[in-house]
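> Please see the structure below; I have some questions.
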Amino acid sequence: MDSRYSDLNTDGAFRFPVFHKNHPLLPSWIRLASIPDAGVIRDDSLGENVFFMAISLGTPAVLNLVTIDTGSSLSWVQCQHCDIRCHWQARKAGPIFNPFNSSTYRNVRCSTELCLDLHKRSGIPSGCVEEKDACLYRIRHALGEYSVGYLGKDKLTLPNNYTIDDFVFGCGADHTYNGFNAGIIGFRDTNYSFLNQVAQQTDCRAFSYCFLSNHQNEGFLSIGSYVLDDKLMLTGLISYGHLPFYAIQQIDMMVNGIRLEIHPHIYSTAMTIIDPGTTETFILSPVFHALDKAVTASMLAKGYARGSAKEKICFVTTGDSIDWNDLSTVEMKFFMSSLMLRKENLFYAN
């Protein structure tokens with residue numbers, strides 16, 4: 001298989017390519033991607049505005065597309081013994097995993113430290129099927145979604161046939177889930193997350209990713225050593241205390257190169273949660289009001305009039321066309337990096 005679509009790179013990290021479903025190379029890449037070698041794909045027909053990773057579980061291996069979730073610890077897939085509440089799984093997300101067809105699958109026992117730790121973290125007072133000596137898991141996601149099932153171990157196959165023989169994951173038997181993919185892959189910093197189980201095969205417990213908005217380019221998701229590339233600007237992710245999130249710290253914001261009229265301390269009152277499944281960016285209310293004031297002053301000076309919509313910040317021009325290059329510029333500064341917003345990220349023509 002072409003090494004461009006796989007493997008443990010020279011930095012000692014697993015690097016998975018990221019393609020949008022409209023990428024011109026995606027059809028040929030899918031033909032090249034055998035079951036043990038797959039990357040990350042965005043496909044809104046399986047779920048809106050989320051990215052998927054292809055994982056291979058079991059013996060023989062079963063390929064499933066699962067959602068990348070930086071806010072989840074435990075990875076889970078829908079299993080054949082789902083007999084309470086199940087979700088419709090699209091054909092292109094792979095077959096529903098059947099643990100009875102895998103010669104390497106086994107349930108995690110109730111008395112194990114892994115089972116007890118999972119229950120403690122998820123707030124389950126007791127979760128066990130005693131006659132099977134099988135540990136149960138229960139996790140909740142946003143918008144009322146949840147998954148309940150058996151905590152299991154099986155072989156996970158990574159690029160270039162690297163394997164994790166005892167990969168820990170949830171075998172879903174009851175869940176409410178809005179996507180049409182197979183399940184969720186967890187990147188939180190816990191021992192049983194996908195991140196840490198794969199990172200044990202490298203020399204660095206870390207991950208980095210670049211999900212591009214340009215559908216013609218290729219991004220990546222890397223587990224292991226940081227990617228060193230002069231073309232990339234890294235922004236450090238921070239564990240958000242006891243909450244199940246990664247975050248970045250905003251430290252400043254400017255309009256046309258001039259800092260907002262706001263006390264710098266305001267930025268430190270909260271951090272910005274990172275969520276690959278959310279398209280909008282939200283900022284603190286005091287920062288937003290200062291941004292509104294600065295952009296409005298800038299646009300009025302350019303000859304625009306403030307629109308009458310009460311719930312929107314809009315501007316009206318007397319001209320026939322909009323000079324996008326003449327609109328206000330906005331820059332956001334974070335710890336380790338800065339982001340100059342593109343005009344289409346800031347304005348849209350109504």
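Each chain of the structure tokens is named A, B, ... in the order shown, its residues numbered from 1; ligands are numbered from 1 in display order.
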Could you name the residues that touch Ser111 in chain A at 12 Å or less, counting only C-alpha atoms, but leaving out those on the same chain fewer than 2 positions away, as a ChimeraX atom specification?
/A:107-109,113-119,126-130,133-136
> Considering only C-alpha atoms, can you say which of A:Lys231, A:Arg106, A:Lys343, A:His141 comes closest to Val168 in chain A?
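The closest residue to Val168 in chain A is A:Arg106.
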> Env of Val66 in chain A: 8 Å cut, atoms = only C-alpha atoms, seq-sep filter 3 positions within chain, self excluded. Answer as a ChimeraX atom specification.
/A:52-55,77,93,181-185
> So how far away is CA of Ala206 in chain A from CA of His242 in chain A, in Å?
18.7 Å
> Here is a test: counting only C-alpha atoms, which residue of A:Pro276, A:Gly307, A:Gly319, A:Gly236 is nearest to Phe334 in chain A?
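Closest to Phe334 in chain A, using only C-alpha atoms: A:Gly236.
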